[in-house]
There are 2 protein chains.
Amino acid sequence: MASYDNFDTLPAYSELQNLCSQAPDLSEPGTLSPERLKAFHAESAGFELFYGTQRVDETIIDKLQDLADQGKVVEKYVAMKQGEVINKIEGWPCENRQVLHTAGRDVFSSKRSAPEASNQSETELGKLASFLSELEQHALTNDQGQPFTDMVQVGIGGSDLGPRALYYALAAFGMEGRRVHFISNVDPDDGIAVLQGLNLSRTLINVVSKSGTTLETLTNEELVRAAYLKAGLDPTRHFVAVTGQGSPMDDPKKYLRSFYMFDYIGGRYSATSMVGGVMLGFALGYDHFNEILRGAHAMDMAAEEKDIRKNVPLLLALFGVWNHNFLGHDTVAVLPYSQALIRFTAHLQQCDMESNGKTCSRQGQFVTYKTGPILWGEPGTNGQHAFYQLIHQGTTIIPVEFIGFRNNQYPGDITIQKTTSQEKLNANLLAQSLALAAGQKSDNPNQTFTGNRPNSILMADQLTPYNMGALLALYEAKIVFQGFLWNINSFDQEGVQLGKKLATRLLEHMAAQKEDANYDGSTSDPLGWALMKATGLAKK
Amino acid sequence: MASYDNFDTLPAYSELQNLCSQAPDLSEPGTLSPERLKAFHAESAGFELFYGTQRVDETIIDKLQDLADQGKVVEKYVAMKQGEVINKIEGWPCENRQVLHTAGRDVFSSKRSAPEASNQSETELGKLASFLSELEQHALTNDQGQPFTDMVQVGIGGSDLGPRALYYALAAFGMEGRRVHFISNVDPDDGIAVLQGLNLSRTLINVVSKSGTTLETLTNEELVRAAYLKAGLDPTRHFVAVTGQGSPMDDPKKYLRSFYMFDYIGGRYSATSMVGGVMLGFALGYDHFNEILRGAHAMDMAAEEKDIRKNVPLLLALFGVWNHNFLGHDTVAVLPYSQALIRFTAHLQQCDMESNGKTCSRQGQFVTYKTGPILWGEPGTNGQHAFYQLIHQGTTIIPVEFIGFRNNQYPGDITIQKTTSQEKLNANLLAQSLALAAGQKSDNPNQTFTGNRPNSILMADQLTPYNMGALLALYEAKIVFQGFLWNINSFDQEGVQLGKKLATRLLEHMAAQKEDANYDGSTSDPLGWALMKATGLAKK
């Protein structure tokens, strides 16, 4: 088992610190060259990474290779895939689980990293295939014998963001006449607004919660259930469950079908499990979902490559660390030039920031270096008309990860003034990368662009189900690699517990004051009660 | 005319620097108290700001008042509203325009700050009222005499983000049977996907571009126009224009109706002009749009208050400056506890970052202090299941602006375990504010929350059209106040020009290589051509 060490104890760490002052200035004439733009290029599972516009040279890249080697990140990644219990903090109570989201898609050959988990995945995939086939052949219909046209995914966090991002990304591959909707927020307006537009009798409700105890999801399930009962429909004929075996939601009597997820798959890594599978299978068909898994698995394999120049997820992870820990940039913008990726950045916000927004090391110490960055972004070209002003001329430097595709998804692109819309999109993508790096000198300070703003371009041929799976797995691996380097546990989320605890106490006040007009929470919870009173939420 | 000075030359600046070390530690026992939570409270036009969880005390607030007074920000704001030409950089070519988005909603009394602009707004509002009334009375229909049910807003940046944010925010107040769609991105998949689901014959197309030259918008207009022609429909019977008088789009022969916007309203401040008005009027009805204006105007008036303790936009601006320039936090998260505000943060990203992501002072010097922060966020409670882990336990401190409402929008909330969903939502909002500030001590380092993370809560009764207008204007004023303090021009966007210029050159290569198989761009544009070749976008 590879040892876990604090990042700043690795020899390459201090060597990289010494190299900071030698990081190339991309705005200096001669730094960017045609040769550099061509040579600084890597490829994994259909995605190419162009990194001539990162502030690195061969010396720095060699040292990043040392950092990866000394941190044994590929060994740790392989051990993860083989089922080592790495979701833990030594010496402290923790989840103590394996991390096997990769096993769920390791079903395409007989040589498997974690056969037992892959077998469990295959069982669920088989159940899913039958379910979808019954729906398609109208063996499974509503009580009037009509096929189901709509599905509502009821879930939050990992049961919402990843699946939703993939659904929007691949809508172009959707089955005719099938639509999906999402209810996530405990805000009642979320669920009520979604239900307003639906024909409930033609709709399946997919309730997703690994623990079977998620406040928002159980509340929204009841909201939807009440609507079914009010409409005179039997929820057990419409509701499907995705949950952990043995969870409070694991009650086949309440659901038309139940699918399982497992404790070795964290919510934010669960898009390719049944958490995403049931909905994506319904929307896109089983074969397309299978293509997502195939692409993800191909990237999972490519991520085992030890040469960082041939491992895109690892290289992207190392550039992230270089920009964050060494060059001092606290945020990273992920800017896809694809409208279909409209919610992919929101998914990454969870996957990255919930994984690596940590301070506690694997040995239960507080780390003294920066861990996960703030990740944000919106698709281009839209962002160009929004926040790019700051990215180009603001006082804070924001490393950028561009994502693009040579071809768009739908037929019907048009040529205006000799170029297609897709060409316009990609011309803008390349232009932004160069503009950020090279900048522009000018006598006019308001037209001066200092440049030297690091960025990279990730590019594939087209956003297909296969490539979407690969892109998802690419970022999952990037995040895991960074967590290994920072010596943190990327798989728990203790940071969400305090808010939950305080909310529970406030809810007790809210319930109590309805039953007792004289209820006063000021003794048991002076601050919470005071804030309720100040904001007008305490009745008394 | 108030003089504009660099922020760091104001006496209060260095005094505030000296106060940094005395900023209260919110996690220390006794700092947060019921009295403090009650007392640290301000109100403007229906919005209350609770700021007991900011790292300030009365001394610091007094000094922030001095900063505002010395920076003459309220005088400058009033001068802006009266039509002073403040969109300029002294000594350099610039837009040299007035900034009068506030005048567009200053139509509710005869005492007006900029009567001429308000009159122009009234003219457009009158045209809008007639148009909407004709639609409602079916005096204006499609060629078959059927009423229009759908509208597509074709626009990008300010012509998309603000209007779209308001449409989602107020969908609960929508007119029966009216729906709105958006096409913004030059990505052809954006427009094609939207068109797929539409009955074009019942649809109005609202093309919005102030300059009438926006690449994305003109391209998408042609995409939609082609679809109409293909369907045998006459675009001039379906297309509406919102543009500047005299722009290339100002051609009444091509459009069913034309509405004007004016050069004194910047795109990112234009949601309450016809840019938002035509679509919002169609979706919500004229009266609801008028309520948005009424709320915005009320906040515009409230923002003239000089006592910062009675001026929410100004106080929020000053806390932003305190957290950013003095406490050193480079980002700010805006987290609305309202699913309806799902795209409000995306709008703010443009409004804030495009306004204040600047380095050039009003006198044409490079400023040496930080200007606009990185603004990002998603609605709660969803974010709690995504990126809050990092906000609570990450190594970078993120100031948070929470937004909440006492009541939800739709009827139909349900009670589960003695509380409604709206109560659950608000309990979580208050809990997060307290958890970030107070933190939690623990022997277990993984369950330790350092706390002392500054945040505030903005709260109103309900997200109505009036309150949405007020909230929009609140943030517009906040941004303008910060720009005044930083001595930058918050109203131009030179930072978007370089990308446009480089994209134009790349598009020329793309067009040329289609006409000449031997085209080679390496001499005229070595870097651009090299990147095209590397990424597979150059044919040769």
# chains A, B, ... in the order shown; residues from 1 in each chain; ligands from 1
$ residues_around --residues "Thr203 in chain A" --least-positions-apart "5" --cutoff "7 Å" --atoms "only C-alpha atoms" --output "list in words"
Phe148, Thr149, Asp150, Met151 and His238 of chain A
$ closest_atom_pairs --of "range 341-398 of chain A" --to "range 429-453 of chain A" --cutoff "8 Å" --atoms "only C-alpha atoms" --output "tab-separated table"
residue	atom	partner	partner_atom	distance
A:Gly380	CA	A:Leu429	CA	7.6
A:Thr381	CA	A:Leu429	CA	7.7
A:Ile391	CA	A:Leu436	CA	7.9
A:His392	CA	A:Leu436	CA	6.2
A:Gln393	CA	A:Phe449	CA	6.2
A:Ile397	CA	A:Arg453	CA	6.5
A:Ile398	CA	A:Arg453	CA	7.1
$ write_last_selection --atoms "C-alpha atoms" --output "PDB file, in the first residue's frame"
ATOM      1  CA  GLY A 380     -18.858  30.251 -24.059  1.00  0.00           C
ATOM      2  CA  THR A 381     -19.538  32.248 -26.129  1.00  0.00           C
ATOM      3  CA  ILE A 391     -10.839  37.394 -16.762  1.00  0.00           C
ATOM      4  CA  HIS A 392      -9.000  39.600 -19.280  1.00  0.00           C
ATOM      5  CA  GLN A 393      -8.500  42.836 -17.370  1.00  0.00           C
ATOM      6  CA  ILE A 397      -5.842  36.090 -12.357  1.00  0.00           C
ATOM      7  CA  ILE A 398      -8.172  33.194 -13.151  1.00  0.00           C
TER       8      ILE A 398
END
$ select_by_dssp --residues "range 365-404 of chain A" --states "helix (DSSP H, G or I)" --output "PyMOL selection string"
chain A and resi 382-385+388-393
$ residues_around --residues "Val367 in chain B" --least-positions-apart "5" --cutoff "10 Å" --atoms "only C-alpha atoms" --output "NGL selection string"
(:A and (395)) or (:B and (6-8 or 358-362 or 486-488))
$ write_last_selection --atoms "all heavy atoms" --output "CSV table (one decimal), in the first residue's frame"
chain,number,residue,atom,x,y,z
A,395,THR,N,-8.1,42.4,-11.7
A,395,THR,CA,-6.9,42.4,-10.8
A,395,THR,C,-6.6,41.0,-10.2
A,395,THR,O,-5.6,40.8,-9.6
A,395,THR,CB,-7.1,43.4,-9.7
A,395,THR,OG1,-8.3,43.2,-9.0
A,395,THR,CG2,-7.1,44.8,-10.2
B,6,ASN,N,-8.3,57.9,-6.4
B,6,ASN,CA,-8.0,56.6,-6.2
B,6,ASN,C,-8.4,56.3,-4.7
B,6,ASN,O,-8.1,57.0,-3.8
B,6,ASN,CB,-6.5,56.3,-6.4
B,6,ASN,CG,-6.3,55.8,-7.8
B,6,ASN,OD1,-7.2,55.7,-8.6
B,6,ASN,ND2,-5.0,55.5,-8.1
B,7,PHE,N,-9.0,55.2,-4.6
B,7,PHE,CA,-9.5,54.6,-3.3
B,7,PHE,C,-8.5,54.7,-2.2
B,7,PHE,O,-8.8,55.1,-1.1
B,7,PHE,CB,-9.7,53.1,-3.7
B,7,PHE,CG,-10.2,52.2,-2.7
B,7,PHE,CD1,-11.3,52.5,-1.9
B,7,PHE,CD2,-9.7,50.9,-2.6
B,7,PHE,CE1,-11.8,51.6,-1.0
B,7,PHE,CE2,-10.2,50.0,-1.7
B,7,PHE,CZ,-11.2,50.3,-0.9
B,8,ASP,N,-7.2,54.3,-2.5
B,8,ASP,CA,-6.2,54.2,-1.5
B,8,ASP,C,-5.6,55.6,-1.1
B,8,ASP,O,-4.8,55.7,-0.2
B,8,ASP,CB,-5.1,53.3,-1.8
B,8,ASP,CG,-4.5,53.6,-3.2
B,8,ASP,OD1,-4.9,54.6,-3.8
B,8,ASP,OD2,-3.6,52.8,-3.6
B,358,LYS,N,-11.9,45.5,-13.8
B,358,LYS,CA,-11.1,46.5,-14.5
B,358,LYS,C,-9.8,46.8,-13.7
B,358,LYS,O,-9.7,46.7,-12.5
B,358,LYS,CB,-11.9,47.9,-14.5
B,358,LYS,CG,-13.3,47.7,-15.1
B,358,LYS,CD,-13.4,47.8,-16.6
B,358,LYS,CE,-14.8,47.3,-17.1
B,358,LYS,NZ,-15.8,48.3,-16.9
B,359,THR,N,-8.8,47.3,-14.5
B,359,THR,CA,-7.6,47.7,-13.9
B,359,THR,C,-7.3,49.2,-14.1
B,359,THR,O,-6.4,49.8,-13.5
B,359,THR,CB,-6.4,46.9,-14.4
B,359,THR,OG1,-6.8,45.5,-14.4
B,359,THR,CG2,-5.2,47.0,-13.5
B,360,CYS,N,-7.9,49.8,-15.1
B,360,CYS,CA,-7.6,51.2,-15.5
B,360,CYS,C,-8.5,52.2,-14.7
B,360,CYS,O,-9.7,52.0,-14.7
B,360,CYS,CB,-7.9,51.3,-17.0
B,360,CYS,SG,-7.7,53.0,-17.7
B,361,SER,N,-7.9,53.1,-14.1
B,361,SER,CA,-8.6,54.1,-13.3
B,361,SER,C,-9.3,55.1,-14.2
B,361,SER,O,-9.1,55.1,-15.4
B,361,SER,CB,-7.7,54.9,-12.4
B,361,SER,OG,-7.0,55.9,-13.1
B,362,ARG,N,-10.2,55.9,-13.7
B,362,ARG,CA,-10.9,56.9,-14.4
B,362,ARG,C,-9.9,58.0,-15.0
B,362,ARG,O,-10.3,58.7,-15.9
B,362,ARG,CB,-11.9,57.6,-13.5
B,362,ARG,CG,-13.1,56.7,-13.2
B,362,ARG,CD,-14.2,57.5,-12.5
B,362,ARG,NE,-15.5,56.8,-12.7
B,362,ARG,CZ,-16.3,56.9,-13.7
B,362,ARG,NH1,-16.0,57.8,-14.7
B,362,ARG,NH2,-17.4,56.2,-13.8
B,486,TRP,N,-13.7,52.3,-6.2
B,486,TRP,CA,-12.4,51.8,-6.8
B,486,TRP,C,-11.9,52.8,-7.9
B,486,TRP,O,-10.8,52.5,-8.5
B,486,TRP,CB,-12.6,50.4,-7.4
B,486,TRP,CG,-12.8,49.4,-6.3
B,486,TRP,CD1,-12.1,49.3,-5.1
B,486,TRP,CD2,-13.6,48.2,-6.3
B,486,TRP,NE1,-12.5,48.2,-4.4
B,486,TRP,CE2,-13.4,47.5,-5.1
B,486,TRP,CE3,-14.6,47.7,-7.2
B,486,TRP,CZ2,-14.1,46.3,-4.8
B,486,TRP,CZ3,-15.3,46.5,-6.9
B,486,TRP,CH2,-15.0,45.9,-5.7
B,487,ASN,N,-12.7,53.8,-8.2
B,487,ASN,CA,-12.3,54.8,-9.2
B,487,ASN,C,-12.1,54.2,-10.5
B,487,ASN,O,-11.1,54.5,-11.3
B,487,ASN,CB,-11.0,55.5,-8.7
B,487,ASN,CG,-10.7,56.8,-9.6
B,487,ASN,OD1,-11.6,57.4,-10.1
B,487,ASN,ND2,-9.4,57.1,-9.7
B,488,ILE,N,-13.0,53.3,-10.9
B,488,ILE,CA,-12.9,52.7,-12.3
B,488,ILE,C,-14.2,53.1,-13.0
B,488,ILE,O,-15.2,53.5,-12.4
B,488,ILE,CB,-12.7,51.2,-12.2
B,488,ILE,CG1,-13.8,50.6,-11.3
B,488,ILE,CG2,-11.3,50.8,-11.7
B,488,ILE,CD1,-13.7,49.1,-11.2
$ closest_residue --among "B:Leu19, B:Leu128, B:Val180, B:Leu37" --to "chain A" --atoms "only C-alpha atoms"
B:Leu37
$ closest_residue --among "B:Thr53, B:Gln82, B:Gln409, B:Gln22" --to "chain A" --atoms "only C-alpha atoms"
B:Gln409
$ residues_around --residues "Pro115 in chain A" --least-positions-apart "4" --cutoff "10 Å" --atoms "only C-alpha atoms" --output "MDAnalysis selection string"
chainID A and resid 82:83 103:104 106:107 110:111 119:121
$ write_last_selection --atoms "all heavy atoms" --output "PDB file, in the first residue's frame"
ATOM      1  N   GLN A  82      -8.869  -0.957  -7.376  1.00  0.00           N
ATOM      2  CA  GLN A  82      -8.844  -2.366  -6.966  1.00  0.00           C
ATOM      3  C   GLN A  82      -9.545  -2.596  -5.628  1.00  0.00           C
ATOM      4  O   GLN A  82      -9.587  -3.717  -5.132  1.00  0.00           O
ATOM      5  CB  GLN A  82      -7.399  -2.862  -6.910  1.00  0.00           C
ATOM      6  CG  GLN A  82      -6.789  -2.961  -8.305  1.00  0.00           C
ATOM      7  CD  GLN A  82      -5.313  -3.271  -8.293  1.00  0.00           C
ATOM      8  OE1 GLN A  82      -4.667  -3.192  -7.244  1.00  0.00           O
ATOM      9  NE2 GLN A  82      -4.767  -3.608  -9.464  1.00  0.00           N
ATOM     10  N   GLY A  83     -10.057  -1.516  -5.046  1.00  0.00           N
ATOM     11  CA  GLY A  83     -10.894  -1.706  -3.872  1.00  0.00           C
ATOM     12  C   GLY A  83     -10.224  -1.438  -2.537  1.00  0.00           C
ATOM     13  O   GLY A  83     -10.771  -1.808  -1.482  1.00  0.00           O
ATOM     14  N   ALA A 103     -15.555   0.899 -10.862  1.00  0.00           N
ATOM     15  CA  ALA A 103     -15.937  -0.503 -11.089  1.00  0.00           C
ATOM     16  C   ALA A 103     -17.281  -0.608 -11.803  1.00  0.00           C
ATOM     17  O   ALA A 103     -17.510  -1.549 -12.576  1.00  0.00           O
ATOM     18  CB  ALA A 103     -16.001  -1.249  -9.753  1.00  0.00           C
ATOM     19  N   GLY A 104     -18.144   0.380 -11.567  1.00  0.00           N
ATOM     20  CA  GLY A 104     -19.472   0.341 -12.163  1.00  0.00           C
ATOM     21  C   GLY A 104     -19.433   0.349 -13.679  1.00  0.00           C
ATOM     22  O   GLY A 104     -20.377  -0.090 -14.337  1.00  0.00           O
ATOM     23  N   ASP A 106     -16.608  -0.833 -15.297  1.00  0.00           N
ATOM     24  CA  ASP A 106     -15.565  -1.797 -15.692  1.00  0.00           C
ATOM     25  C   ASP A 106     -16.247  -3.132 -15.989  1.00  0.00           C
ATOM     26  O   ASP A 106     -16.047  -4.128 -15.312  1.00  0.00           O
ATOM     27  CB  ASP A 106     -14.559  -1.927 -14.547  1.00  0.00           C
ATOM     28  CG  ASP A 106     -13.340  -2.764 -14.935  1.00  0.00           C
ATOM     29  OD1 ASP A 106     -13.217  -3.121 -16.134  1.00  0.00           O
ATOM     30  OD2 ASP A 106     -12.534  -3.063 -14.040  1.00  0.00           O
ATOM     31  N   VAL A 107     -17.070  -3.124 -17.040  1.00  0.00           N
ATOM     32  CA  VAL A 107     -17.909  -4.291 -17.331  1.00  0.00           C
ATOM     33  C   VAL A 107     -17.750  -4.728 -18.791  1.00  0.00           C
ATOM     34  O   VAL A 107     -18.567  -5.488 -19.293  1.00  0.00           O
ATOM     35  CB  VAL A 107     -19.408  -3.979 -17.051  1.00  0.00           C
ATOM     36  CG1 VAL A 107     -19.626  -3.757 -15.554  1.00  0.00           C
ATOM     37  CG2 VAL A 107     -19.876  -2.769 -17.842  1.00  0.00           C
ATOM     38  N   SER A 110     -13.334  -9.286 -19.328  1.00  0.00           N
ATOM     39  CA  SER A 110     -13.315 -10.180 -18.172  1.00  0.00           C
ATOM     40  C   SER A 110     -12.176  -9.827 -17.216  1.00  0.00           C
ATOM     41  O   SER A 110     -12.113 -10.321 -16.108  1.00  0.00           O
ATOM     42  CB  SER A 110     -13.159 -11.627 -18.649  1.00  0.00           C
ATOM     43  OG  SER A 110     -12.010 -11.718 -19.472  1.00  0.00           O
ATOM     44  N   LYS A 111     -11.268  -8.960 -17.659  1.00  0.00           N
ATOM     45  CA  LYS A 111     -10.163  -8.537 -16.804  1.00  0.00           C
ATOM     46  C   LYS A 111     -10.601  -7.269 -16.064  1.00  0.00           C
ATOM     47  O   LYS A 111     -10.623  -6.178 -16.624  1.00  0.00           O
ATOM     48  CB  LYS A 111      -8.933  -8.252 -17.675  1.00  0.00           C
ATOM     49  CG  LYS A 111      -7.647  -8.048 -16.905  1.00  0.00           C
ATOM     50  CD  LYS A 111      -6.441  -8.036 -17.851  1.00  0.00           C
ATOM     51  CE  LYS A 111      -5.207  -7.513 -17.153  1.00  0.00           C
ATOM     52  NZ  LYS A 111      -5.308  -6.079 -16.752  1.00  0.00           N
ATOM     53  N   ASN A 119     -19.489  -6.922 -10.748  1.00  0.00           N
ATOM     54  CA  ASN A 119     -20.599  -7.874 -10.833  1.00  0.00           C
ATOM     55  C   ASN A 119     -21.890  -7.259 -10.296  1.00  0.00           C
ATOM     56  O   ASN A 119     -22.969  -7.438 -10.863  1.00  0.00           O
ATOM     57  CB  ASN A 119     -20.283  -9.153 -10.042  1.00  0.00           C
ATOM     58  CG  ASN A 119     -19.222  -9.985 -10.740  1.00  0.00           C
ATOM     59  OD1 ASN A 119     -18.895  -9.744 -11.907  1.00  0.00           O
ATOM     60  ND2 ASN A 119     -18.676 -10.969 -10.031  1.00  0.00           N
ATOM     61  N   GLN A 120     -21.771  -6.548  -9.176  1.00  0.00           N
ATOM     62  CA  GLN A 120     -22.964  -5.897  -8.633  1.00  0.00           C
ATOM     63  C   GLN A 120     -23.533  -4.884  -9.633  1.00  0.00           C
ATOM     64  O   GLN A 120     -24.738  -4.777  -9.812  1.00  0.00           O
ATOM     65  CB  GLN A 120     -22.628  -5.192  -7.309  1.00  0.00           C
ATOM     66  CG  GLN A 120     -22.403  -6.185  -6.173  1.00  0.00           C
ATOM     67  CD  GLN A 120     -22.282  -5.499  -4.824  1.00  0.00           C
ATOM     68  OE1 GLN A 120     -21.385  -4.696  -4.626  1.00  0.00           O
ATOM     69  NE2 GLN A 120     -23.171  -5.833  -3.898  1.00  0.00           N
ATOM     70  N   SER A 121     -22.617  -4.174 -10.262  1.00  0.00           N
ATOM     71  CA  SER A 121     -23.044  -3.211 -11.268  1.00  0.00           C
ATOM     72  C   SER A 121     -23.761  -3.909 -12.417  1.00  0.00           C
ATOM     73  O   SER A 121     -24.809  -3.453 -12.896  1.00  0.00           O
ATOM     74  CB  SER A 121     -21.830  -2.444 -11.791  1.00  0.00           C
ATOM     75  OG  SER A 121     -22.161  -1.686 -12.917  1.00  0.00           O
TER      76      SER A 121
END
$ residues_around --residues "range 185-194 of chain B" --least-positions-apart "5" --cutoff "8 Å" --atoms "only C-alpha atoms" --output "mmCIF file with N, CA, C and O atoms, in the first residue's frame"
data_model
loop_
_atom_site.group_PDB
_atom_site.id
_atom_site.type_symbol
_atom_site.label_atom_id
_atom_site.label_comp_id
_atom_site.auth_asym_id
_atom_site.auth_seq_id
_atom_site.Cartn_x
_atom_site.Cartn_y
_atom_site.Cartn_z
ATOM 1 N N ALA A 172 -29.599 15.823 -27.400
ATOM 2 C CA ALA A 172 -29.634 15.618 -28.857
ATOM 3 C C ALA A 172 -29.730 14.139 -29.214
ATOM 4 O O ALA A 172 -30.104 13.791 -30.339
ATOM 5 N N TYR A 337 -17.144 25.404 -24.520
ATOM 6 C CA TYR A 337 -17.750 26.020 -25.704
ATOM 7 C C TYR A 337 -18.723 25.020 -26.302
ATOM 8 O O TYR A 337 -18.498 24.435 -27.359
ATOM 9 N N SER A 338 -19.804 24.825 -25.581
ATOM 10 C CA SER A 338 -20.853 23.883 -25.971
ATOM 11 C C SER A 338 -22.047 24.178 -25.080
ATOM 12 O O SER A 338 -21.971 24.001 -23.862
ATOM 13 N N GLN A 339 -23.131 24.623 -25.697
ATOM 14 C CA GLN A 339 -24.313 24.956 -24.911
ATOM 15 C C GLN A 339 -24.849 23.720 -24.185
ATOM 16 O O GLN A 339 -25.429 23.822 -23.114
ATOM 17 N N ALA A 340 -24.608 22.543 -24.768
ATOM 18 C CA ALA A 340 -25.088 21.307 -24.149
ATOM 19 C C ALA A 340 -24.440 21.070 -22.783
ATOM 20 O O ALA A 340 -25.002 20.381 -21.935
ATOM 21 N N GLY A 380 -19.161 29.218 -23.078
ATOM 22 C CA GLY A 380 -18.858 30.251 -24.059
ATOM 23 C C GLY A 380 -19.645 29.926 -25.313
ATOM 24 O O GLY A 380 -19.951 28.767 -25.544
ATOM 25 N N THR A 381 -19.968 30.882 -26.170
ATOM 26 C CA THR A 381 -19.538 32.248 -26.129
ATOM 27 C C THR A 381 -20.297 33.100 -25.122
ATOM 28 O O THR A 381 -19.942 34.276 -24.929
ATOM 29 N N ASN A 382 -21.323 32.544 -24.464
ATOM 30 C CA ASN A 382 -22.117 33.372 -23.556
ATOM 31 C C ASN A 382 -21.266 34.116 -22.531
ATOM 32 O O ASN A 382 -21.462 35.304 -22.299
ATOM 33 N N ASN A 408 -20.558 19.973 -33.964
ATOM 34 C CA ASN A 408 -21.709 20.127 -33.070
ATOM 35 C C ASN A 408 -22.586 18.876 -33.119
ATOM 36 O O ASN A 408 -22.228 17.885 -33.756
ATOM 37 N N GLN A 409 -23.704 18.894 -32.426
ATOM 38 C CA GLN A 409 -24.509 17.679 -32.252
ATOM 39 C C GLN A 409 -25.639 17.527 -33.267
ATOM 40 O O GLN A 409 -25.850 16.448 -33.809
ATOM 41 N N TYR A 410 -26.383 18.589 -33.479
ATOM 42 C CA TYR A 410 -27.575 18.492 -34.332
ATOM 43 C C TYR A 410 -27.245 18.794 -35.795
ATOM 44 O O TYR A 410 -26.373 19.631 -36.066
ATOM 45 N N GLY A 412 -28.230 20.860 -39.156
ATOM 46 C CA GLY A 412 -28.953 22.113 -39.344
ATOM 47 C C GLY A 412 -28.125 23.361 -39.110
ATOM 48 O O GLY A 412 -28.667 24.468 -39.047
ATOM 49 N N ASP A 413 -26.812 23.197 -38.968
ATOM 50 C CA ASP A 413 -25.954 24.384 -38.828
ATOM 51 C C ASP A 413 -26.020 25.188 -40.126
ATOM 52 O O ASP A 413 -26.228 24.629 -41.203
ATOM 53 N N ILE A 414 -25.862 26.505 -40.024
ATOM 54 C CA ILE A 414 -25.960 27.336 -41.225
ATOM 55 C C ILE A 414 -24.686 28.149 -41.429
ATOM 56 O O ILE A 414 -23.956 28.441 -40.487
ATOM 57 N N SER A 421 -21.913 28.339 -37.819
ATOM 58 C CA SER A 421 -21.980 28.738 -36.413
ATOM 59 C C SER A 421 -20.942 27.969 -35.590
ATOM 60 O O SER A 421 -20.317 28.519 -34.677
ATOM 61 N N GLN A 422 -20.756 26.685 -35.918
ATOM 62 C CA GLN A 422 -19.769 25.889 -35.192
ATOM 63 C C GLN A 422 -18.362 26.472 -35.393
ATOM 64 O O GLN A 422 -17.557 26.505 -34.459
ATOM 65 N N LYS A 424 -17.734 29.617 -35.985
ATOM 66 C CA LYS A 424 -17.698 30.850 -35.187
ATOM 67 C C LYS A 424 -17.429 30.523 -33.720
ATOM 68 O O LYS A 424 -16.663 31.201 -33.030
ATOM 69 N N LEU A 425 -18.096 29.469 -33.249
ATOM 70 C CA LEU A 425 -17.912 29.050 -31.857
ATOM 71 C C LEU A 425 -16.448 28.697 -31.596
ATOM 72 O O LEU A 425 -15.842 29.170 -30.620
ATOM 73 N N ILE B 156 -27.831 37.930 -26.374
ATOM 74 C CA ILE B 156 -26.728 37.355 -25.591
ATOM 75 C C ILE B 156 -26.230 38.412 -24.607
ATOM 76 O O ILE B 156 -26.474 39.608 -24.796
ATOM 77 N N LEU B 215 -22.498 39.538 -33.148
ATOM 78 C CA LEU B 215 -22.280 38.358 -33.993
ATOM 79 C C LEU B 215 -23.255 37.233 -33.677
ATOM 80 O O LEU B 215 -23.931 36.694 -34.568
ATOM 81 N N GLU B 216 -23.317 36.829 -32.401
ATOM 82 C CA GLU B 216 -24.139 35.699 -32.010
ATOM 83 C C GLU B 216 -25.605 35.930 -32.349
ATOM 84 O O GLU B 216 -26.300 35.050 -32.858
ATOM 85 N N THR B 217 -26.079 37.135 -32.038
ATOM 86 C CA THR B 217 -27.500 37.425 -32.182
ATOM 87 C C THR B 217 -27.903 37.485 -33.653
ATOM 88 O O THR B 217 -28.930 36.937 -34.053
ATOM 89 N N THR B 219 -26.371 36.003 -36.107
ATOM 90 C CA THR B 219 -26.274 34.641 -36.628
ATOM 91 C C THR B 219 -27.512 33.834 -36.237
ATOM 92 O O THR B 219 -28.121 33.151 -37.078
ATOM 93 N N ASN B 220 -27.890 33.923 -34.979
ATOM 94 C CA ASN B 220 -29.062 33.168 -34.532
ATOM 95 C C ASN B 220 -30.350 33.702 -35.145
ATOM 96 O O ASN B 220 -31.282 32.943 -35.419
ATOM 97 N N LEU B 223 -30.550 31.998 -38.352
ATOM 98 C CA LEU B 223 -30.913 30.585 -38.148
ATOM 99 C C LEU B 223 -32.428 30.441 -37.974
ATOM 100 O O LEU B 223 -33.072 29.570 -38.578
ATOM 101 N N VAL B 224 -32.994 31.320 -37.169
ATOM 102 C CA VAL B 224 -34.434 31.254 -36.903
ATOM 103 C C VAL B 224 -35.220 31.699 -38.142
ATOM 104 O O VAL B 224 -36.228 31.088 -38.516
#
$ atom_distance --atom1 "CA of Thr345 in chain B" --atom2 "CA of Arg268 in chain B"
12.9 Å
$ atom_distance --atom1 "CA of Lys210 in chain A" --atom2 "CA of Leu233 in chain A"
26.2 Å
$ atom_distance --atom1 "CA of Leu471 in chain B" --atom2 "CA of Pro379 in chain A"
25.3 Å
